[in-house]
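Student: So I've got this file, work-v4.pdb, and it contains PDB, C-alpha atoms:
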```pdb
ATOM      1  CA  MET A  23      12.146  -5.345 -15.118
ATOM      2  CA  ARG A  24       9.791  -6.857 -12.547
ATOM      3  CA  VAL A  25       7.228  -4.128 -13.220
ATOM      4  CA  THR A  26       7.376  -4.819 -16.958
ATOM      5  CA  SER A  27       6.951  -8.546 -16.387
ATOM      6  CA  TYR A  28       4.006  -7.899 -14.080
ATOM      7  CA  VAL A  29       2.285  -5.627 -16.575
ATOM      8  CA  MET A  30       2.846  -8.113 -19.393
ATOM      9  CA  GLY A  31       1.570 -10.938 -17.212
ATOM     10  CA  ALA A  32      -1.526  -8.970 -16.250
ATOM     11  CA  GLY A  33      -2.194  -8.160 -19.897
ATOM     12  CA  VAL A  34      -1.867 -11.809 -20.888
ATOM     13  CA  GLY A  35      -4.124 -12.786 -17.997
ATOM     14  CA  LEU A  36      -6.835 -10.372 -19.116
ATOM     15  CA  ALA A  37      -6.545 -11.569 -22.701
ATOM     16  CA  LEU A  38      -6.890 -15.171 -21.576
ATOM     17  CA  ALA A  39      -9.876 -14.269 -19.419
ATOM     18  CA  PHE A  40     -11.615 -12.598 -22.358
ATOM     19  CA  ALA A  41     -10.787 -15.521 -24.629
ATOM     20  CA  ALA A  42     -12.046 -18.009 -22.054
ATOM     21  CA  SER A  43     -15.330 -16.142 -21.730
ATOM     22  CA  VAL A  44     -16.008 -16.593 -25.420
ATOM     23  CA  ALA A  45     -14.585 -20.095 -25.572
ATOM     24  CA  SER A  46     -16.898 -21.194 -22.761
ATOM     25  CA  ALA A  47     -19.983 -20.182 -24.733
ATOM     26  CA  ALA A  48     -22.730 -22.761 -24.645
ATOM     27  CA  THR A  49     -26.178 -23.441 -26.005
ATOM     28  CA  CYS A  50     -28.808 -22.591 -23.420
ATOM     29  CA  GLY A  51     -32.498 -21.969 -23.035
ATOM     30  CA  THR A  52     -35.343 -23.916 -24.534
ATOM     31  CA  SER A  53     -35.185 -22.699 -28.124
ATOM     32  CA  SER A  54     -32.858 -23.966 -30.827
ATOM     33  CA  GLY A  55     -30.350 -21.328 -31.860
ATOM     34  CA  LEU A  56     -29.955 -19.660 -28.464
ATOM     35  CA  ASP A  57     -26.291 -19.433 -27.541
ATOM     36  CA  THR A  58     -24.310 -17.288 -25.145
ATOM     37  CA  THR A  59     -22.259 -15.975 -28.079
ATOM     38  CA  ASN A  60     -25.388 -14.376 -29.571
ATOM     39  CA  VAL A  61     -24.705 -11.367 -27.347
ATOM     40  CA  ILE A  62     -21.130 -10.178 -26.798
ATOM     41  CA  ILE A  63     -19.525  -7.222 -25.027
ATOM     42  CA  THR A  64     -16.957  -5.739 -27.396
ATOM     43  CA  SER A  65     -16.014  -2.626 -25.427
ATOM     44  CA  ILE A  66     -15.800  -1.531 -21.777
ATOM     45  CA  ASP A  67     -15.065   2.159 -21.215
ATOM     46  CA  SER A  68     -13.792   2.379 -24.818
ATOM     47  CA  SER A  69     -11.300  -0.450 -24.230
ATOM     48  CA  PRO A  70     -11.675  -3.504 -26.520
ATOM     49  CA  ALA A  71     -13.203  -6.607 -24.960
ATOM     50  CA  SER A  72     -14.612  -9.941 -26.064
ATOM     51  CA  ILE A  73     -17.004 -11.239 -23.428
ATOM     52  CA  ALA A  74     -19.897 -13.541 -24.266
ATOM     53  CA  ALA A  75     -22.941 -13.823 -22.031
ATOM     54  CA  SER A  76     -22.456 -16.245 -19.151
ATOM     55  CA  ASP A  77     -25.942 -17.732 -19.557
ATOM     56  CA  CYS A  78     -29.151 -17.272 -21.536
ATOM     57  CA  ALA A  79     -32.812 -18.260 -21.389
ATOM     58  CA  GLY A  80     -35.862 -18.203 -23.653
ATOM     59  CA  VAL A  81     -37.390 -17.695 -26.055
ATOM     60  CA  PHE A  82     -40.263 -16.569 -23.814
ATOM     61  CA  ALA A  83     -43.579 -15.829 -25.489
ATOM     62  CA  GLY A  84     -45.047 -12.342 -25.259
ATOM     63  CA  ASN A  85     -43.538  -9.052 -24.128
ATOM     64  CA  ASP A  86     -40.641  -8.541 -21.740
ATOM     65  CA  THR A  87     -41.907  -5.233 -20.320
ATOM     66  CA  GLY A  88     -45.147  -3.276 -20.107
ATOM     67  CA  ASN A  89     -48.476  -4.260 -18.540
ATOM     68  CA  GLN A  90     -48.176  -7.815 -19.831
ATOM     69  CA  GLY A  91     -44.401  -8.032 -19.522
ATOM     70  CA  THR A  92     -42.901 -11.088 -17.838
ATOM     71  CA  LEU A  93     -39.166 -10.303 -17.826
ATOM     72  CA  LEU A  94     -38.924  -9.288 -14.166
ATOM     73  CA  SER A  95     -41.123 -12.123 -12.960
ATOM     74  CA  ASN A  96     -38.999 -14.624 -14.886
ATOM     75  CA  LEU A  97     -35.746 -13.157 -13.569
ATOM     76  CA  ASN A  98     -36.985 -12.946  -9.982
ATOM     77  CA  SER A  99     -38.221 -16.527 -10.102
ATOM     78  CA  GLY A 100     -34.671 -17.711 -10.809
ATOM     79  CA  ILE A 101     -34.188 -18.427 -14.517
ATOM     80  CA  PHE A 102     -30.513 -17.782 -13.766
ATOM     81  CA  ALA A 103     -29.157 -19.847 -10.862
ATOM     82  CA  GLY A 104     -27.838 -17.796  -7.958
ATOM     83  CA  PHE A 105     -29.678 -14.611  -8.928
ATOM     84  CA  ILE A 106     -33.187 -14.897  -7.503
ATOM     85  CA  GLY A 107     -35.223 -11.784  -6.691
ATOM     86  CA  ASP A 108     -33.978  -8.174  -6.509
ATOM     87  CA  TRP A 109     -34.075  -7.515 -10.266
ATOM     88  CA  SER A 110     -35.176  -4.181 -11.717
ATOM     89  CA  ILE A 111     -35.385  -2.520 -15.120
ATOM     90  CA  TYR A 112     -32.486  -0.165 -15.885
ATOM     91  CA  GLY A 113     -33.590   1.034 -19.333
ATOM     92  CA  LYS A 114     -34.900   0.204 -22.800
ATOM     93  CA  SER A 115     -33.532   1.040 -26.221
ATOM     94  CA  ASP A 116     -36.856   2.461 -27.399
ATOM     95  CA  GLU A 117     -37.378   4.652 -24.331
ATOM     96  CA  ASP A 118     -34.047   5.681 -22.777
ATOM     97  CA  ALA A 119     -31.266   7.632 -24.430
ATOM     98  CA  SER A 120     -28.670   5.771 -22.370
ATOM     99  CA  VAL A 121     -29.574   2.432 -23.989
ATOM    100  CA  SER A 122     -29.399   1.865 -27.739
ATOM    101  CA  ALA A 123     -29.668  -1.143 -30.065
ATOM    102  CA  SER A 124     -29.900  -1.631 -33.809
ATOM    103  CA  GLU A 125     -33.360  -2.660 -35.042
ATOM    104  CA  THR A 126     -31.902  -5.464 -37.140
ATOM    105  CA  ASN A 127     -31.402  -9.197 -36.667
ATOM    106  CA  ASN A 128     -27.624  -8.830 -36.388
ATOM    107  CA  GLY A 129     -26.497  -5.506 -34.981
ATOM    108  CA  SER A 130     -24.901  -3.527 -32.191
ATOM    109  CA  TRP A 131     -25.933  -2.213 -28.799
ATOM    110  CA  SER A 132     -24.595   0.160 -26.164
ATOM    111  CA  ILE A 133     -25.273   1.227 -22.590
ATOM    112  CA  ASP A 134     -24.002   4.602 -21.405
ATOM    113  CA  TYR A 135     -22.785   4.819 -17.830
ATOM    114  CA  LEU A 136     -24.071   1.606 -16.298
ATOM    115  CA  THR A 137     -23.407   2.123 -12.587
ATOM    116  CA  LYS A 138     -20.266   0.206 -11.661
ATOM    117  CA  SER A 139     -21.898  -1.623  -8.758
ATOM    118  CA  TYR A 140     -24.311  -3.258 -11.207
ATOM    119  CA  SER A 141     -21.814  -5.973 -12.111
ATOM    120  CA  VAL A 142     -24.637  -8.479 -12.748
ATOM    121  CA  PHE A 143     -27.102  -7.504 -15.447
ATOM    122  CA  ALA A 144     -29.211  -9.057 -18.169
ATOM    123  CA  LEU A 145     -29.988  -7.988 -21.719
ATOM    124  CA  SER A 146     -33.414  -8.924 -23.043
ATOM    125  CA  LEU A 147     -33.824  -9.028 -26.825
ATOM    126  CA  LYS A 148     -37.446  -8.576 -27.906
ATOM    127  CA  ALA A 149     -38.186  -9.735 -31.454
ATOM    128  CA  ALA A 150     -41.189 -11.193 -33.272
ATOM    129  CA  ASN A 151     -43.532 -12.690 -30.636
ATOM    130  CA  GLY A 152     -41.086 -13.275 -27.829
ATOM    131  CA  TYR A 153     -37.850 -12.377 -26.074
ATOM    132  CA  ALA A 154     -34.598 -14.018 -25.048
ATOM    133  CA  VAL A 155     -32.531 -13.026 -22.020
ATOM    134  CA  TYR A 156     -28.719 -13.007 -21.768
ATOM    135  CA  LEU A 157     -26.911 -12.827 -18.436
ATOM    136  CA  PHE A 158     -23.627 -11.017 -17.759
ATOM    137  CA  ASP A 159     -21.724 -11.421 -14.497
ATOM    138  CA  LEU A 160     -18.749  -9.065 -14.551
ATOM    139  CA  SER A 161     -16.298  -8.376 -11.770
ATOM    140  CA  PRO A 162     -17.436  -5.474  -9.544
ATOM    141  CA  GLY A 163     -16.315  -2.110 -10.804
ATOM    142  CA  SER A 164     -15.799  -3.165 -14.422
ATOM    143  CA  ALA A 165     -19.125  -2.043 -15.883
ATOM    144  CA  MET A 166     -19.582   1.536 -16.994
ATOM    145  CA  ASP A 167     -19.859   2.466 -20.674
ATOM    146  CA  LEU A 168     -20.532  -0.782 -22.526
ATOM    147  CA  ALA A 169     -20.943  -1.690 -26.188
ATOM    148  CA  GLY A 170     -21.414  -4.944 -28.027
ATOM    149  CA  THR A 171     -23.092  -6.994 -30.712
ATOM    150  CA  PHE A 172     -26.161  -9.229 -30.840
ATOM    151  CA  LYS A 173     -27.980 -11.752 -33.038
ATOM    152  CA  THR A 174     -31.665 -12.688 -32.799
ATOM    153  CA  LEU A 175     -30.999 -16.370 -33.419
ATOM    154  CA  GLY A 176     -33.522 -18.756 -31.920
ATOM    155  CA  PHE A 177     -36.613 -16.670 -32.647
ATOM    156  CA  GLN A 178     -39.459 -17.853 -34.828
ATOM    157  CA  ALA A 179     -39.860 -15.510 -37.792
ATOM    158  CA  GLY A 180     -43.071 -16.843 -39.295
ATOM    159  CA  ASN A 181     -42.491 -18.353 -42.709
ATOM    160  CA  SER A 182     -39.235 -16.473 -43.174
ATOM    161  CA  PRO A 183     -35.995 -18.500 -42.928
ATOM    162  CA  ASN A 184     -34.267 -15.436 -41.486
ATOM    163  CA  SER A 185     -34.147 -14.309 -37.873
ATOM    164  CA  PRO A 186     -36.539 -11.428 -37.102
ATOM    165  CA  ASP A 187     -35.370  -7.862 -36.564
ATOM    166  CA  LEU A 188     -34.989  -6.609 -33.014
ATOM    167  CA  SER A 189     -37.935  -4.658 -31.637
ATOM    168  CA  HIS A 190     -36.064  -3.344 -28.602
ATOM    169  CA  MET A 191     -33.459  -4.282 -26.001
ATOM    170  CA  THR A 192     -34.185  -4.071 -22.287
ATOM    171  CA  VAL A 193     -31.487  -3.848 -19.618
ATOM    172  CA  ALA A 194     -32.276  -5.407 -16.230
ATOM    173  CA  VAL A 195     -29.917  -5.099 -13.262
ATOM    174  CA  TYR A 196     -29.472  -7.266 -10.189
ATOM    175  CA  GLY A 197     -29.304  -5.645  -6.751
ATOM    176  CA  ASP A 198     -29.822  -2.044  -5.696
ATOM    177  CA  GLY A 199     -26.656  -0.645  -7.264
ATOM    178  CA  VAL A 200     -25.420   0.665  -3.910
ATOM    179  CA  SER A 201     -21.938  -0.406  -2.916
ATOM    180  CA  ALA A 202     -19.697   0.683  -0.080
ATOM    181  CA  VAL A 203     -17.204   3.375  -1.064
ATOM    182  CA  PRO A 204     -13.675   2.377   0.022
ATOM    183  CA  LEU A 205     -12.127   4.802   2.499
ATOM    184  CA  PRO A 206      -8.992   6.469   1.063
ATOM    185  CA  ALA A 207      -5.647   5.695   2.657
ATOM    186  CA  ALA A 208      -5.598   9.172   4.215
ATOM    187  CA  GLY A 209      -8.910   8.390   5.869
ATOM    188  CA  TRP A 210      -7.543   5.236   7.457
ATOM    189  CA  LEU A 211      -4.523   7.184   8.734
ATOM    190  CA  MET A 212      -6.831   9.804  10.234
ATOM    191  CA  LEU A 213      -8.888   7.121  11.981
ATOM    192  CA  ALA A 214      -5.715   5.504  13.285
ATOM    193  CA  GLY A 215      -4.556   8.877  14.608
ATOM    194  CA  ILE A 216      -7.858   9.497  16.369
ATOM    195  CA  GLY A 217      -7.669   6.031  17.888
ATOM    196  CA  GLY A 218      -4.149   6.724  19.116
ATOM    197  CA  LEU A 219      -5.176  10.018  20.745
ATOM    198  CA  ALA A 220      -8.092   8.314  22.469
ATOM    199  CA  ALA A 221      -5.785   5.625  23.847
ATOM    200  CA  LEU A 222      -3.328   8.276  25.061
ATOM    201  CA  ARG A 223      -6.109  10.136  26.877
ATOM    202  CA  ARG A 224      -7.223   6.944  28.591
ATOM    203  CA  ARG A 225      -3.654   6.353  29.813
ATOM    204  CA  LYS A 226      -3.401   9.873  31.251
ATOM    205  CA  ARG A 227      -6.698   9.463  33.093
ATOM    206  CA  SER A 228      -5.584   6.195  34.618
TER     207      SER A 228
END
```
Mind converting the file's structure to structure tokens?

Tutor:
Amino acid sequence: MRVTSYVMGAGVGLALAFAASVASAATCGTSSGLDTTNVIITSIDSSPASIAASDCAGVFAGNDTGNQGTLLSNLNSGIFAGFIGDWSIYGKSDEDASVSASETNNGSWSIDYLTKSYSVFALSLKAANGYAVYLFDLSPGSAMDLAGTFKTLGFQAGNSPNSPDLSHMTVAVYGDGVSAVPLPAAGWLMLAGIGGLAALRRRKRS
């Protein structure tokens, strides 16, 4: 009975956490139309989710990557508070098979096998003459196969009243992706045993 109550409570807690992430969506950046709900995670490891970006910034003029790209310099300079420096490009939808995104103004995206230690990452949407960046800060170990939706709201589309189609999506990750691997319980028991033997030997010598 207690186990059932715990499982139900955990499920409700997760549901509330997902709901809160979307409910806490806010307008951000310098361009009208940018909102954290423009990019949402709808699936983690094939399990349904509903997680809006935790922050966003833009629209920045020019390209996000390439010789004239400014995405990394903007990220490293601290456009997102608390995450300064140590950013790198993980992949792009027009270059890497592990990253995909619809070339529309309202579509879907996916990232295959995003290393679990990359719990903080950013999705850059390049459209028209600029790009907008959306930050995700997940709990460690929760990011692997991800999928979601996006909208290119906030971009200037010339004389068109509609948002421009996506050119590509770039994934940037924070940190080096290396995390300590927890030692299994058997490993701790082995270490404890070795420590006990060492102590016993010291006693015999004394």

Student: Which one is closest to Phe105 in chain A: A:Val155, A:Ala75, A:Leu93, A:Val142? Count all atoms listed in the file.

Tutor: A:Val142

Student: Return as a list of chain:residue names the set of residues that the PyMOL selection byres ((chain A and resi 92) around 12) yields on the displayed structure.

Tutor: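 Evaluating the PyMOL selection byres ((chain A and resi 92) around 12) on these coordinates yields A:Gly80, A:Val81, A:Phe82, A:Ala83, A:Gly84, A:Asn85, A:Asp86, A:Thr87, A:Gly88, A:Asn89, A:Gln90, A:Gly91, A:Leu93, A:Leu94, A:Ser95, A:Asn96, A:Leu97, A:Asn98, A:Ser99, A:Ile101, A:Ile111, A:Ser146, A:Lys148, A:Gly152, A:Tyr153, A:Ala154, A:Val155.
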
Student: Take the residues from that selection and write them out as a tab-separated table (two decimals), keeping the file's coordinate frame, keeping C-alpha atoms.

Tutor:
```
chain	number	residue	atom	x	y	z
A	80	GLY	CA	-35.86	-18.20	-23.65
A	81	VAL	CA	-37.39	-17.70	-26.06
A	82	PHE	CA	-40.26	-16.57	-23.81
A	83	ALA	CA	-43.58	-15.83	-25.49
A	84	GLY	CA	-45.05	-12.34	-25.26
A	85	ASN	CA	-43.54	-9.05	-24.13
A	86	ASP	CA	-40.64	-8.54	-21.74
A	87	THR	CA	-41.91	-5.23	-20.32
A	88	GLY	CA	-45.15	-3.28	-20.11
A	89	ASN	CA	-48.48	-4.26	-18.54
A	90	GLN	CA	-48.18	-7.82	-19.83
A	91	GLY	CA	-44.40	-8.03	-19.52
A	93	LEU	CA	-39.17	-10.30	-17.83
A	94	LEU	CA	-38.92	-9.29	-14.17
A	95	SER	CA	-41.12	-12.12	-12.96
A	96	ASN	CA	-39.00	-14.62	-14.89
A	97	LEU	CA	-35.75	-13.16	-13.57
A	98	ASN	CA	-36.98	-12.95	-9.98
A	99	SER	CA	-38.22	-16.53	-10.10
A	101	ILE	CA	-34.19	-18.43	-14.52
A	111	ILE	CA	-35.38	-2.52	-15.12
A	146	SER	CA	-33.41	-8.92	-23.04
A	148	LYS	CA	-37.45	-8.58	-27.91
A	152	GLY	CA	-41.09	-13.28	-27.83
A	153	TYR	CA	-37.85	-12.38	-26.07
A	154	ALA	CA	-34.60	-14.02	-25.05
A	155	VAL	CA	-32.53	-13.03	-22.02
```

Student: Which distance in Å separates CA of Pro186 in chain A and CA of Ile62 in chain A, to one decimal?

Tutor: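 Between these atoms lies a distance of 18.6 Å.
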
Student: Give the answer as one residue: which of A:Val193, A:Ile133, A:Leu188, A:Leu147 has the shortest atom-to-atom distance to Thr64 in chain A, using all atoms listed in the file?

Tutor: A:Ile133

Student: Since I can't run it myself right now, could you work out what the PyMOL selection byres ((chain A and resi 114) around 7) selects here and report it as a list of chain:residue names?

Tutor: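 So the PyMOL selection byres ((chain A and resi 114) around 7) ends up selecting A:Gly113, A:Ser115, A:Asp116, A:Glu117, A:Asp118, A:Val121, A:His190, A:Met191, A:Thr192, A:Val193.
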
Student: Selected by the PyMOL selection byres ((chain A and resi 60) around 6) in the shown coordinates: which residues, as a list in words?

Tutor: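 Expected selection for the PyMOL selection byres ((chain A and resi 60) around 6) here is Asp57, Thr58, Thr59, Val61, Phe172 and Lys173 of chain A.
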
Student: Have a look at CA of Ser124 in chain A and CA of Ser161 in chain A and let me know their distance in Å, one decimal.

Tutor: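 It comes out at 26.8 Å.
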
Student: Between CA of Ser189 in chain A and CA of Ala150 in chain A, what distance in Å does the model show, to one decimal?

Tutor: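 Value for the CA of Ser189 in chain A-CA of Ala150 in chain A distance: 7.5 Å.
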
Student: Check the smallest atom-to-atom distance from each of A:Ser110, A:Ser130, A:Gly104, A:Ser72 to Thr171 in chain A using all atoms listed in the file, then report the winner.

Tutor: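 Closest candidate: A:Ser130.
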